[in-house]
Structures are given as C-alpha cells and as structure tokens.
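Listing of data.pdb; format and content: PDB, C-alpha atoms and all ligand atoms.
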ATOM      1  CA  MET A   1      13.347  26.305  39.408  1.00  0.00           C
ATOM      2  CA  THR A   2      12.572  24.348  36.305  1.00  0.00           C
ATOM      3  CA  THR A   3      10.179  21.466  36.330  1.00  0.00           C
ATOM      4  CA  PRO A   4      10.380  19.651  33.031  1.00  0.00           C
ATOM      5  CA  PRO A   5       7.277  17.935  31.758  1.00  0.00           C
ATOM      6  CA  ASN A   6       7.284  14.352  32.885  1.00  0.00           C
ATOM      7  CA  ALA A   7       6.398  11.514  30.614  1.00  0.00           C
ATOM      8  CA  GLN A   8       2.723  11.628  29.767  1.00  0.00           C
ATOM      9  CA  GLN A   9       2.259  15.034  31.280  1.00  0.00           C
ATOM     10  CA  SER A  10      -0.811  16.659  29.880  1.00  0.00           C
ATOM     11  CA  TRP A  11      -2.378  20.051  29.867  1.00  0.00           C
ATOM     12  CA  PRO A  12      -6.018  19.599  30.782  1.00  0.00           C
ATOM     13  CA  SER A  13      -8.194  22.267  29.307  1.00  0.00           C
ATOM     14  CA  VAL A  14     -11.034  23.024  31.573  1.00  0.00           C
ATOM     15  CA  ARG A  15     -10.490  22.480  35.217  1.00  0.00           C
ATOM     16  CA  PRO A  16     -10.496  25.871  36.885  1.00  0.00           C
ATOM     17  CA  VAL A  17      -8.149  26.150  39.815  1.00  0.00           C
ATOM     18  CA  SER A  18      -7.528  28.987  42.182  1.00  0.00           C
ATOM     19  CA  VAL A  19      -4.383  31.005  41.787  1.00  0.00           C
ATOM     20  CA  SER A  20      -2.716  33.730  43.758  1.00  0.00           C
ATOM     21  CA  PRO A  21      -4.274  36.846  45.238  1.00  0.00           C
ATOM     22  CA  VAL A  22      -5.264  39.590  42.863  1.00  0.00           C
ATOM     23  CA  ALA A  23      -2.810  42.386  42.269  1.00  0.00           C
ATOM     24  CA  GLY A  24      -2.558  45.466  40.136  1.00  0.00           C
ATOM     25  CA  ARG A  25      -4.944  45.665  37.231  1.00  0.00           C
ATOM     26  CA  TRP A  26      -6.132  42.150  37.441  1.00  0.00           C
ATOM     27  CA  HIS A  27      -9.837  41.574  37.724  1.00  0.00           C
ATOM     28  CA  ALA A  28     -11.160  38.808  39.865  1.00  0.00           C
ATOM     29  CA  ALA A  29     -14.119  36.507  39.786  1.00  0.00           C
ATOM     30  CA  ALA A  30     -15.174  33.878  42.269  1.00  0.00           C
ATOM     31  CA  THR A  31     -15.621  30.419  40.847  1.00  0.00           C
ATOM     32  CA  SER A  32     -16.541  27.174  42.502  1.00  0.00           C
ATOM     33  CA  THR A  33     -12.866  26.472  42.966  1.00  0.00           C
ATOM     34  CA  GLY A  34     -11.701  29.844  44.177  1.00  0.00           C
ATOM     35  CA  LEU A  35     -10.833  33.336  43.112  1.00  0.00           C
ATOM     36  CA  VAL A  36      -9.454  33.545  39.596  1.00  0.00           C
ATOM     37  CA  PRO A  37      -7.707  36.759  38.524  1.00  0.00           C
ATOM     38  CA  THR A  38      -8.329  37.659  34.902  1.00  0.00           C
ATOM     39  CA  VAL A  39      -7.202  40.236  32.382  1.00  0.00           C
ATOM     40  CA  HIS A  40     -10.677  40.397  30.898  1.00  0.00           C
ATOM     41  CA  ARG A  41     -13.363  42.103  32.895  1.00  0.00           C
ATOM     42  CA  PRO A  42     -15.735  39.546  34.389  1.00  0.00           C
ATOM     43  CA  PRO A  43     -19.321  39.725  33.137  1.00  0.00           C
ATOM     44  CA  THR A  44     -21.818  41.026  35.630  1.00  0.00           C
ATOM     45  CA  PHE A  45     -23.255  37.589  36.266  1.00  0.00           C
ATOM     46  CA  ALA A  46     -19.883  36.491  37.585  1.00  0.00           C
ATOM     47  CA  ALA A  47     -20.174  39.011  40.391  1.00  0.00           C
ATOM     48  CA  ARG A  48     -23.622  37.780  41.343  1.00  0.00           C
ATOM     49  CA  THR A  49     -23.106  34.078  41.240  1.00  0.00           C
ATOM     50  CA  THR A  50     -20.463  31.516  41.848  1.00  0.00           C
ATOM     51  CA  LEU A  51     -19.852  29.572  38.684  1.00  0.00           C
ATOM     52  CA  ARG A  52     -20.693  26.032  39.577  1.00  0.00           C
ATOM     53  CA  ASP A  53     -19.074  23.992  36.874  1.00  0.00           C
ATOM     54  CA  ALA A  54     -17.509  24.036  33.457  1.00  0.00           C
ATOM     55  CA  MET A  55     -20.895  23.563  31.845  1.00  0.00           C
ATOM     56  CA  GLY A  56     -21.884  26.948  33.223  1.00  0.00           C
ATOM     57  CA  LEU A  57     -18.813  28.387  31.589  1.00  0.00           C
ATOM     58  CA  ARG A  58     -19.721  26.696  28.345  1.00  0.00           C
ATOM     59  CA  ASP A  59     -23.116  28.344  28.502  1.00  0.00           C
ATOM     60  CA  ALA A  60     -21.447  31.645  29.264  1.00  0.00           C
ATOM     61  CA  MET A  61     -19.421  31.366  26.064  1.00  0.00           C
ATOM     62  CA  GLY A  62     -22.644  31.406  24.087  1.00  0.00           C
ATOM     63  CA  LEU A  63     -21.249  29.444  21.165  1.00  0.00           C
ATOM     64  CA  THR A  64     -22.918  26.914  18.921  1.00  0.00           C
ATOM     65  CA  ASP A  65     -21.880  23.301  19.422  1.00  0.00           C
ATOM     66  CA  ALA A  66     -19.673  23.498  16.338  1.00  0.00           C
ATOM     67  CA  GLN A  67     -18.071  26.721  17.543  1.00  0.00           C
ATOM     68  CA  TRP A  68     -17.504  25.216  20.979  1.00  0.00           C
ATOM     69  CA  ARG A  69     -15.778  22.225  19.391  1.00  0.00           C
ATOM     70  CA  ALA A  70     -13.591  24.579  17.381  1.00  0.00           C
ATOM     71  CA  ASN A  71     -12.776  26.499  20.550  1.00  0.00           C
ATOM     72  CA  VAL A  72     -11.548  23.320  22.238  1.00  0.00           C
ATOM     73  CA  ALA A  73      -9.675  22.261  19.096  1.00  0.00           C
ATOM     74  CA  PHE A  74      -7.837  25.567  18.784  1.00  0.00           C
ATOM     75  CA  HIS A  75      -6.948  25.494  22.473  1.00  0.00           C
ATOM     76  CA  GLU A  76      -5.301  22.081  22.187  1.00  0.00           C
ATOM     77  CA  ALA A  77      -3.794  22.816  18.774  1.00  0.00           C
ATOM     78  CA  GLY A  78      -2.157  25.894  20.279  1.00  0.00           C
ATOM     79  CA  HIS A  79      -0.553  23.842  23.043  1.00  0.00           C
ATOM     80  CA  ALA A  80       0.565  21.141  20.647  1.00  0.00           C
ATOM     81  CA  ALA A  81       1.981  23.356  17.895  1.00  0.00           C
ATOM     82  CA  VAL A  82       4.055  25.432  20.298  1.00  0.00           C
ATOM     83  CA  ALA A  83       5.251  22.301  22.070  1.00  0.00           C
ATOM     84  CA  ILE A  84       6.327  20.637  18.828  1.00  0.00           C
ATOM     85  CA  ALA A  85       8.108  23.794  17.702  1.00  0.00           C
ATOM     86  CA  ALA A  86       9.952  23.873  21.034  1.00  0.00           C
ATOM     87  CA  GLY A  87      11.212  20.350  20.470  1.00  0.00           C
ATOM     88  CA  ILE A  88       8.866  18.754  22.984  1.00  0.00           C
ATOM     89  CA  ARG A  89       7.492  15.435  21.860  1.00  0.00           C
ATOM     90  CA  VAL A  90       3.743  15.453  21.402  1.00  0.00           C
ATOM     91  CA  LEU A  91       2.241  11.990  21.526  1.00  0.00           C
ATOM     92  CA  ARG A  92      -1.439  12.624  21.226  1.00  0.00           C
ATOM     93  CA  VAL A  93      -3.922  15.471  21.039  1.00  0.00           C
ATOM     94  CA  GLU A  94      -7.594  14.864  21.631  1.00  0.00           C
ATOM     95  CA  ILE A  95     -10.856  16.650  22.128  1.00  0.00           C
ATOM     96  CA  THR A  96     -14.161  15.296  23.334  1.00  0.00           C
ATOM     97  CA  PRO A  97     -17.262  16.683  21.659  1.00  0.00           C
ATOM     98  CA  ASP A  98     -19.350  16.860  24.804  1.00  0.00           C
ATOM     99  CA  GLY A  99     -16.597  17.378  27.289  1.00  0.00           C
ATOM    100  CA  VAL A 100     -17.549  19.238  30.411  1.00  0.00           C
ATOM    101  CA  GLU A 101     -14.689  18.728  32.842  1.00  0.00           C
ATOM    102  CA  GLN A 102     -12.110  17.634  30.319  1.00  0.00           C
ATOM    103  CA  ALA A 103     -12.794  19.021  26.893  1.00  0.00           C
ATOM    104  CA  GLY A 104      -9.367  18.314  25.495  1.00  0.00           C
ATOM    105  CA  ARG A 105      -5.879  17.113  26.279  1.00  0.00           C
ATOM    106  CA  THR A 106      -2.451  17.337  24.793  1.00  0.00           C
ATOM    107  CA  PHE A 107      -0.071  14.587  25.849  1.00  0.00           C
ATOM    108  CA  VAL A 108       3.614  15.355  25.738  1.00  0.00           C
ATOM    109  CA  GLU A 109       6.747  13.558  26.726  1.00  0.00           C
ATOM    110  CA  SER A 110      10.222  14.771  27.401  1.00  0.00           C
ATOM    111  CA  SER A 111      13.251  12.946  28.673  1.00  0.00           C
ATOM    112  CA  ALA A 112      15.325  16.099  28.903  1.00  0.00           C
ATOM    113  CA  PRO A 113      14.643  19.226  30.937  1.00  0.00           C
ATOM    114  CA  VAL A 114      12.584  21.765  29.054  1.00  0.00           C
ATOM    115  CA  PRO A 115      13.488  25.443  29.484  1.00  0.00           C
ATOM    116  CA  TRP A 116      10.896  27.124  31.651  1.00  0.00           C
ATOM    117  CA  ARG A 117      10.212  29.727  28.971  1.00  0.00           C
ATOM    118  CA  ASP A 118       9.194  26.937  26.615  1.00  0.00           C
ATOM    119  CA  CYS A 119       7.006  25.373  29.310  1.00  0.00           C
ATOM    120  CA  ALA A 120       5.375  28.730  29.950  1.00  0.00           C
ATOM    121  CA  ALA A 121       4.816  29.394  26.244  1.00  0.00           C
ATOM    122  CA  VAL A 122       3.252  25.976  25.732  1.00  0.00           C
ATOM    123  CA  ALA A 123       1.018  26.461  28.753  1.00  0.00           C
ATOM    124  CA  ALA A 124      -0.116  29.915  27.630  1.00  0.00           C
ATOM    125  CA  ALA A 125      -0.595  28.899  23.994  1.00  0.00           C
ATOM    126  CA  GLY A 126      -3.956  27.209  24.542  1.00  0.00           C
ATOM    127  CA  GLU A 127      -5.627  30.328  25.837  1.00  0.00           C
ATOM    128  CA  GLN A 128      -3.882  32.559  23.328  1.00  0.00           C
ATOM    129  CA  ALA A 129      -4.785  30.369  20.363  1.00  0.00           C
ATOM    130  CA  VAL A 130      -8.445  30.565  21.290  1.00  0.00           C
ATOM    131  CA  LEU A 131      -8.285  34.335  21.728  1.00  0.00           C
ATOM    132  CA  ARG A 132      -6.725  34.683  18.266  1.00  0.00           C
ATOM    133  CA  TRP A 133      -9.297  32.339  16.750  1.00  0.00           C
ATOM    134  CA  LEU A 134     -12.160  34.272  18.376  1.00  0.00           C
ATOM    135  CA  ARG A 135     -10.847  37.557  17.005  1.00  0.00           C
ATOM    136  CA  GLU A 136     -10.225  36.201  13.516  1.00  0.00           C
ATOM    137  CA  THR A 137     -13.711  34.744  13.297  1.00  0.00           C
ATOM    138  CA  GLY A 138     -15.429  37.826  14.679  1.00  0.00           C
ATOM    139  CA  LEU A 139     -16.610  35.890  17.717  1.00  0.00           C
ATOM    140  CA  TYR A 140     -14.496  37.747  20.228  1.00  0.00           C
ATOM    141  CA  THR A 141     -16.237  39.523  23.076  1.00  0.00           C
ATOM    142  CA  GLU A 142     -14.978  40.620  26.486  1.00  0.00           C
ATOM    143  CA  THR A 143     -17.127  37.968  28.147  1.00  0.00           C
ATOM    144  CA  ARG A 144     -15.859  35.197  25.888  1.00  0.00           C
ATOM    145  CA  GLY A 145     -12.303  36.320  26.489  1.00  0.00           C
ATOM    146  CA  TRP A 146     -12.977  36.122  30.196  1.00  0.00           C
ATOM    147  CA  VAL A 147     -14.411  32.614  29.921  1.00  0.00           C
ATOM    148  CA  VAL A 148     -11.376  31.537  27.909  1.00  0.00           C
ATOM    149  CA  GLU A 149      -9.163  32.778  30.714  1.00  0.00           C
ATOM    150  CA  ILE A 150     -11.167  30.949  33.363  1.00  0.00           C
ATOM    151  CA  LEU A 151     -11.095  27.754  31.314  1.00  0.00           C
ATOM    152  CA  SER A 152      -7.327  28.065  31.047  1.00  0.00           C
ATOM    153  CA  ALA A 153      -6.715  28.461  34.777  1.00  0.00           C
ATOM    154  CA  SER A 154      -5.150  25.014  34.995  1.00  0.00           C
ATOM    155  CA  ASP A 155      -2.648  26.056  32.332  1.00  0.00           C
ATOM    156  CA  ARG A 156      -1.577  28.895  34.592  1.00  0.00           C
ATOM    157  CA  ALA A 157      -0.999  26.345  37.305  1.00  0.00           C
ATOM    158  CA  VAL A 158       1.323  24.486  34.924  1.00  0.00           C
ATOM    159  CA  ALA A 159       3.197  27.726  34.230  1.00  0.00           C
ATOM    160  CA  GLU A 160       3.456  28.423  37.950  1.00  0.00           C
ATOM    161  CA  ALA A 161       4.785  24.936  38.547  1.00  0.00           C
ATOM    162  CA  THR A 162       7.612  25.603  36.097  1.00  0.00           C
ATOM    163  CA  THR A 163       8.813  28.662  37.989  1.00  0.00           C
ATOM    164  CA  SER A 164       7.484  28.060  41.503  1.00  0.00           C
ATOM    165  CA  LEU A 165       6.268  31.656  41.322  1.00  0.00           C
ATOM    166  CA  SER A 166       2.864  33.225  40.994  1.00  0.00           C
ATOM    167  CA  VAL A 167       2.176  34.314  37.428  1.00  0.00           C
ATOM    168  CA  VAL A 168      -0.179  36.995  38.706  1.00  0.00           C
ATOM    169  CA  THR A 169       2.138  39.918  39.342  1.00  0.00           C
ATOM    170  CA  ASP A 170       1.968  43.705  39.369  1.00  0.00           C
ATOM    171  CA  ASP A 171       4.316  43.921  36.401  1.00  0.00           C
ATOM    172  CA  PRO A 172       2.835  42.934  33.032  1.00  0.00           C
ATOM    173  CA  THR A 173       6.319  43.079  31.502  1.00  0.00           C
ATOM    174  CA  SER A 174       7.800  40.551  33.908  1.00  0.00           C
ATOM    175  CA  PRO A 175       8.716  37.305  32.152  1.00  0.00           C
ATOM    176  CA  TYR A 176       7.034  35.564  35.082  1.00  0.00           C
ATOM    177  CA  ASP A 177       3.734  37.369  34.560  1.00  0.00           C
ATOM    178  CA  TRP A 178       0.947  35.446  32.828  1.00  0.00           C
ATOM    179  CA  ARG A 179       0.254  38.418  30.559  1.00  0.00           C
ATOM    180  CA  ARG A 180       3.863  38.439  29.354  1.00  0.00           C
ATOM    181  CA  MET A 181       3.747  34.681  28.919  1.00  0.00           C
ATOM    182  CA  GLY A 182       0.616  35.185  26.832  1.00  0.00           C
ATOM    183  CA  ALA A 183       2.356  37.741  24.645  1.00  0.00           C
ATOM    184  CA  ALA A 184       5.272  35.361  24.170  1.00  0.00           C
ATOM    185  CA  ALA A 185       2.863  32.595  23.221  1.00  0.00           C
ATOM    186  CA  GLN A 186       1.155  34.902  20.710  1.00  0.00           C
ATOM    187  CA  GLN A 187       4.513  35.579  19.086  1.00  0.00           C
ATOM    188  CA  ARG A 188       5.181  31.878  18.688  1.00  0.00           C
ATOM    189  CA  LEU A 189       1.643  31.231  17.480  1.00  0.00           C
ATOM    190  CA  ALA A 190       1.971  33.923  14.825  1.00  0.00           C
ATOM    191  CA  ALA A 191       4.774  31.956  13.194  1.00  0.00           C
ATOM    192  CA  LEU A 192       2.903  28.683  13.596  1.00  0.00           C
ATOM    193  CA  TRP A 193      -0.638  29.757  12.816  1.00  0.00           C
ATOM    194  CA  PRO A 194      -1.093  27.707   9.615  1.00  0.00           C
ATOM    195  CA  VAL A 195       0.052  24.651  11.581  1.00  0.00           C
ATOM    196  CA  VAL A 196      -2.392  25.468  14.370  1.00  0.00           C
ATOM    197  CA  GLN A 197      -5.215  25.888  11.872  1.00  0.00           C
ATOM    198  CA  ASP A 198      -4.445  22.586  10.171  1.00  0.00           C
ATOM    199  CA  LEU A 199      -4.217  20.700  13.450  1.00  0.00           C
ATOM    200  CA  ALA A 200      -7.409  22.289  14.747  1.00  0.00           C
ATOM    201  CA  ALA A 201      -9.218  21.333  11.535  1.00  0.00           C
ATOM    202  CA  THR A 202      -8.065  17.732  11.919  1.00  0.00           C
ATOM    203  CA  LEU A 203      -9.151  17.669  15.554  1.00  0.00           C
ATOM    204  CA  ILE A 204     -12.541  19.080  14.644  1.00  0.00           C
ATOM    205  CA  ALA A 205     -12.939  16.387  11.994  1.00  0.00           C
ATOM    206  CA  GLN A 206     -11.414  13.413  13.813  1.00  0.00           C
ATOM    207  CA  GLY A 207     -11.370  14.277  17.512  1.00  0.00           C
ATOM    208  CA  VAL A 208      -7.870  12.939  17.969  1.00  0.00           C
ATOM    209  CA  VAL A 209      -4.433  13.183  16.433  1.00  0.00           C
ATOM    210  CA  THR A 210      -1.873  10.549  17.375  1.00  0.00           C
ATOM    211  CA  TYR A 211       1.733  10.997  16.410  1.00  0.00           C
ATOM    212  CA  PRO A 212       4.226   8.224  15.667  1.00  0.00           C
ATOM    213  CA  GLN A 213       5.732   6.434  18.627  1.00  0.00           C
ATOM    214  CA  ASP A 214       8.691   8.745  18.768  1.00  0.00           C
ATOM    215  CA  GLY A 215       6.415  11.735  18.802  1.00  0.00           C
ATOM    216  CA  ALA A 216       6.020  14.685  16.484  1.00  0.00           C
ATOM    217  CA  ARG A 217       9.193  16.647  15.867  1.00  0.00           C
TER     218      ARG A 217
HETATM  219 ZN    ZN B   1      -4.915  24.125  28.154  1.00  0.00          ZN
END
What does this structure look like when you write it as structure tokens?
Amino acid sequence: MTTPPNAQQSWPSVRPVSVSPVAGRWHAAATSTGLVPTVHRPPTFAARTTLRDAMGLRDAMGLTDAQWRANVAFHEAGHAAVAIAAGIRVLRVEITPDGVEQAGRTFVESSAPVPWRDCAAVAAAGEQAVLRWLRETGLYTETRGWVVEILSASDRAVAEATTSLSVVTDDPTSPYDWRRMGAAAQQRLAALWPVVQDLAATLIAQGVVTYPQDGAR
C-alpha cells in the first residue's frame, strides 16, 4: 500500500507520462506520451495537435524566460517545503535555466516509511505551488493551468505509486483523487508559503540549494 521514498528518490518536474483513463469531469488531451486527464480545460491547439515535447509545453505557457525560471523554482520549492515540513529529509533542490526534459529536481531521502498522505501531498505540492504563484502574480490563465498540470504528470505517477491506485477518479472528494490531493497540498502550502517563497527566490538566484549532510529538518 505504502511505498516510502527510497534514498535519492526525486520528483522530476517535466516528463509527461500517461495515466489512467478519463472519468467524470476530467478533461483529456493527447500528448506524445499518452492521454493525460486534466482539471483545466485543454487549449484548442491541444485538440488539434499532439504535443511533441516539453519545449512545446514551455512555448504554450507563454512566459518570459525569467517567469519560466520562477515557475520551475516554485514547483520545486513546493515539493521541498512540504517534504521538509512532513519530516522527510531534503538533500538538494535544483533547477536548470534551460531545462527542457528536466527543468528541476528535488532529492529526498528517508530511511523510515513515509505515510502515503505525506507522499501524496509532497507530490501534489509542485503543481499546486505553481498554480498559487501564477494566481498571485496575475499570470494565471486556464491554458497555463493546463500546462502546469501536464508538466506535473510525473508527480501524479509518484502519487499513484504510493497508493497503487489511479488518482483519476470520479470522486473529487476521495483522498485518493488527485484533485483532493491537490487541495491537501494547498492547505499545507498555505502554512508554508513564506518558506516556499524564500526557497524559490534562492533557487532563482542560485539554481541549487544543498542542505547539510543530514538533510533539512
Ligand atoms: Zn514535480
């Protein structure tokens, strides 16, 4: 049932993967790696074309280079802050300014099993941190929200691995539903937001944050 993060497990940011069949009010868009259900309505171009790579998604976001870097930084800072708050050791957080496939990573380590709810919250926190940042900066649009979801598809896979269940369900209130996991992550982020902002600012400035050998606590 519970798959704790292994040593050096990481949450890669932008490697879209296919997830389960669409159900309920989920939208769906075909990408180069499969059908990805989303809460946000896909832009019309998504229905016409198959997104070929992450660079296409970056273009679809329509952000400046600095805004794109901030987007990646907030994504990773969201993962890291929620992980640290949950008692998971964070070893290193990094972003790459021109990343296409891998725009950022958060490296964690845990010798003890991590409750699946914590795993799910950490996994969902990247996407949710970016959505909050987009709204707070006035950059939020439906299309950008959709891109953020697509870019976070691998995080869903992490959440699914923790429960061995699809996170795309008909019940948005189910604790196993990605939307509920997102709401739970938002709750945790609300309490941690100054920490997320500080970490994101450091990542934007330095590209990497490395914690002491025993990890951030
Ligand atoms: Zn992520």
Taking all atoms listed in the file into account, list the residues no farther than 9 Å from ligand ZN 1 (chain B), as a list in words.
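Residues satisfying the distance criterion: Ser10, Trp11, Pro12, Ser13, Val14, Val72, His75, Glu76, Gly78, His79, Gly104, Arg105, Thr106, Val122, Ala123, Ala124, Ala125, Gly126, Glu127, Leu151, Ser152, Ala153, Ser154, Asp155 and Arg156 of chain A.
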Using all atoms listed in the file, find the one residue out of A:Trp26, A:Trp68, A:Trp116, A:Tyr211 that sits nearest to Val90 in chain A.
A:Tyr211
Option closest in space to Ile204 in chain A, from A:Thr96, A:Ala159, A:Val36, A:Gly145 [counting only C-alpha atoms]:
A:Thr96
Might you spell out which residues the PyMOL selection byres (((chain A and resi 117-121) around 10) and not hetatm) would select in the displayed file, as a count of residues only?
45
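Distance annotation: of A:Pro42, A:Gly56, A:Gly207, A:Gly62, the residue with the minimal separation from Leu139 in chain A is A:Gly62; atom set is all atoms listed in the file.
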Could you spell out the hits of the PyMOL selection byres (((chain A and resi 69) around 9) and not hetatm) on the shown file, as a PDB file with C-alpha atoms, in the frame of the given file?
ATOM      1  CA  THR A  64     -22.918  26.914  18.921  1.00  0.00           C
ATOM      2  CA  ASP A  65     -21.880  23.301  19.422  1.00  0.00           C
ATOM      3  CA  ALA A  66     -19.673  23.498  16.338  1.00  0.00           C
ATOM      4  CA  GLN A  67     -18.071  26.721  17.543  1.00  0.00           C
ATOM      5  CA  TRP A  68     -17.504  25.216  20.979  1.00  0.00           C
ATOM      6  CA  ALA A  70     -13.591  24.579  17.381  1.00  0.00           C
ATOM      7  CA  ASN A  71     -12.776  26.499  20.550  1.00  0.00           C
ATOM      8  CA  VAL A  72     -11.548  23.320  22.238  1.00  0.00           C
ATOM      9  CA  ALA A  73      -9.675  22.261  19.096  1.00  0.00           C
ATOM     10  CA  PHE A  74      -7.837  25.567  18.784  1.00  0.00           C
ATOM     11  CA  ILE A  95     -10.856  16.650  22.128  1.00  0.00           C
ATOM     12  CA  THR A  96     -14.161  15.296  23.334  1.00  0.00           C
ATOM     13  CA  PRO A  97     -17.262  16.683  21.659  1.00  0.00           C
ATOM     14  CA  ASP A  98     -19.350  16.860  24.804  1.00  0.00           C
ATOM     15  CA  ALA A 103     -12.794  19.021  26.893  1.00  0.00           C
ATOM     16  CA  LEU A 203      -9.151  17.669  15.554  1.00  0.00           C
ATOM     17  CA  ILE A 204     -12.541  19.080  14.644  1.00  0.00           C
TER      18      ILE A 204
END
Could you spell out the hits of the PyMOL selection byres (((chain A and resi 209) around 9) and not hetatm) on the shown file, as a ChimeraX atom specification?
/A:91-94,199,202-203,206-208,210-211
What does the structure give for the distance between CA of Val148 in chain A and CA of Ala200 in chain A, in Å to one decimal?
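CA of Val148 in chain A sits 16.6 Å away from CA of Ala200 in chain A.
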Residue among A:Val195, A:Leu134, A:Val147, A:Val39 lying closest to Ala77 in chain A, counting all atoms listed in the file:
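Once distances to Ala77 in chain A are computed over all atoms listed in the file, the minimum belongs to A:Val195.
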Can you pull out the residues contacting Ala60 in chain A? Cut-off 9 Å, using only C-alpha atoms, and skip same-chain residues under 3 positions away; I want them as a PyMOL selection string.
chain A and resi 55-57+63+143-144+147
Store the residues of this selection in a file with C-alpha atoms, as a compact mmCIF listing (two decimals), keeping the file's coordinate frame.
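Generated output (out_29.txt):
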# COMPACT_ATOMS: atom_id res chain seq x y z
CA MET A 55 -20.90 23.56 31.84
CA GLY A 56 -21.88 26.95 33.22
CA LEU A 57 -18.81 28.39 31.59
CA LEU A 63 -21.25 29.44 21.16
CA THR A 143 -17.13 37.97 28.15
CA ARG A 144 -15.86 35.20 25.89
CA VAL A 147 -14.41 32.61 29.92
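Atom to atom, CA of Val108 in chain A and CA of Pro172 in chain A stand 28.5 Å apart.
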What separates CA of Ala205 in chain A and CA of Tyr140 in chain A is a distance of 22.9 Å
With all atoms listed in the file as the atoms that count, which of A:His40, A:Val130, A:Glu136, A:Arg89 lies nearest to Ser111 in chain A?
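Counting all atoms listed in the file, the residue closest to Ser111 in chain A is A:Arg89.
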Rank A:Glu149, A:Leu192, A:Ala80, A:Gly138 by their smallest atom-to-atom distance to Glu109 in chain A, using all atoms listed in the file, and report the top residue only.
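When distances to Glu109 in chain A are compared using all atoms listed in the file, the smallest one comes from A:Ala80.
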Incomplete range 190-210 of chain A filled out to N, CA and C atoms as an mmCIF file, in the frame of the given file:
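What landed in selection.cif:
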data_model
loop_
_atom_site.group_PDB
_atom_site.id
_atom_site.type_symbol
_atom_site.label_atom_id
_atom_site.label_comp_id
_atom_site.auth_asym_id
_atom_site.auth_seq_id
_atom_site.Cartn_x
_atom_site.Cartn_y
_atom_site.Cartn_z
ATOM 1 N N ALA A 190 2.024 33.176 16.083
ATOM 2 C CA ALA A 190 1.971 33.923 14.825
ATOM 3 C C ALA A 190 2.779 33.207 13.747
ATOM 4 N N ALA A 191 3.921 32.651 14.153
ATOM 5 C CA ALA A 191 4.774 31.956 13.194
ATOM 6 C C ALA A 191 4.229 30.574 12.861
ATOM 7 N N LEU A 192 3.382 30.058 13.744
ATOM 8 C CA LEU A 192 2.903 28.683 13.596
ATOM 9 C C LEU A 192 1.441 28.608 13.183
ATOM 10 N N TRP A 193 0.821 29.744 12.933
ATOM 11 C CA TRP A 193 -0.638 29.757 12.816
ATOM 12 C C TRP A 193 -1.197 28.791 11.769
ATOM 13 N N PRO A 194 -0.569 28.698 10.582
ATOM 14 C CA PRO A 194 -1.093 27.707 9.615
ATOM 15 C C PRO A 194 -1.065 26.286 10.179
ATOM 16 N N VAL A 195 -0.040 25.976 10.965
ATOM 17 C CA VAL A 195 0.052 24.651 11.581
ATOM 18 C C VAL A 195 -1.081 24.478 12.596
ATOM 19 N N VAL A 196 -1.314 25.515 13.378
ATOM 20 C CA VAL A 196 -2.392 25.468 14.370
ATOM 21 C C VAL A 196 -3.738 25.265 13.682
ATOM 22 N N GLN A 197 -3.941 25.996 12.597
ATOM 23 C CA GLN A 197 -5.215 25.888 11.872
ATOM 24 C C GLN A 197 -5.412 24.486 11.298
ATOM 25 N N ASP A 198 -4.349 23.932 10.734
ATOM 26 C CA ASP A 198 -4.445 22.586 10.171
ATOM 27 C C ASP A 198 -4.740 21.557 11.254
ATOM 28 N N LEU A 199 -4.025 21.665 12.364
ATOM 29 C CA LEU A 199 -4.217 20.700 13.450
ATOM 30 C C LEU A 199 -5.617 20.832 14.043
ATOM 31 N N ALA A 200 -6.066 22.076 14.209
ATOM 32 C CA ALA A 200 -7.409 22.289 14.747
ATOM 33 C C ALA A 200 -8.457 21.687 13.810
ATOM 34 N N ALA A 201 -8.259 21.881 12.503
ATOM 35 C CA ALA A 201 -9.218 21.333 11.535
ATOM 36 C C ALA A 201 -9.268 19.815 11.618
ATOM 37 N N THR A 202 -8.108 19.189 11.798
ATOM 38 C CA THR A 202 -8.065 17.732 11.919
ATOM 39 C C THR A 202 -8.749 17.286 13.202
ATOM 40 N N LEU A 203 -8.506 18.010 14.281
ATOM 41 C CA LEU A 203 -9.151 17.669 15.554
ATOM 42 C C LEU A 203 -10.666 17.820 15.459
ATOM 43 N N ILE A 204 -11.098 18.876 14.802
ATOM 44 C CA ILE A 204 -12.541 19.080 14.644
ATOM 45 C C ILE A 204 -13.145 17.913 13.872
ATOM 46 N N ALA A 205 -12.420 17.460 12.845
ATOM 47 C CA ALA A 205 -12.939 16.387 11.994
ATOM 48 C C ALA A 205 -12.817 15.022 12.645
ATOM 49 N N GLN A 206 -11.718 14.768 13.338
ATOM 50 C CA GLN A 206 -11.414 13.413 13.813
ATOM 51 C C GLN A 206 -11.466 13.256 15.327
ATOM 52 N N GLY A 207 -11.330 14.346 16.054
ATOM 53 C CA GLY A 207 -11.370 14.277 17.512
ATOM 54 C C GLY A 207 -10.051 13.941 18.161
ATOM 55 N N VAL A 208 -9.152 13.337 17.391
ATOM 56 C CA VAL A 208 -7.870 12.939 17.969
ATOM 57 C C VAL A 208 -6.798 12.937 16.892
ATOM 58 N N VAL A 209 -5.600 13.311 17.296
ATOM 59 C CA VAL A 209 -4.433 13.183 16.433
ATOM 60 C C VAL A 209 -3.375 12.447 17.241
ATOM 61 N N THR A 210 -2.908 11.326 16.710
ATOM 62 C CA THR A 210 -1.873 10.549 17.375
ATOM 63 C C THR A 210 -0.621 10.583 16.518
#
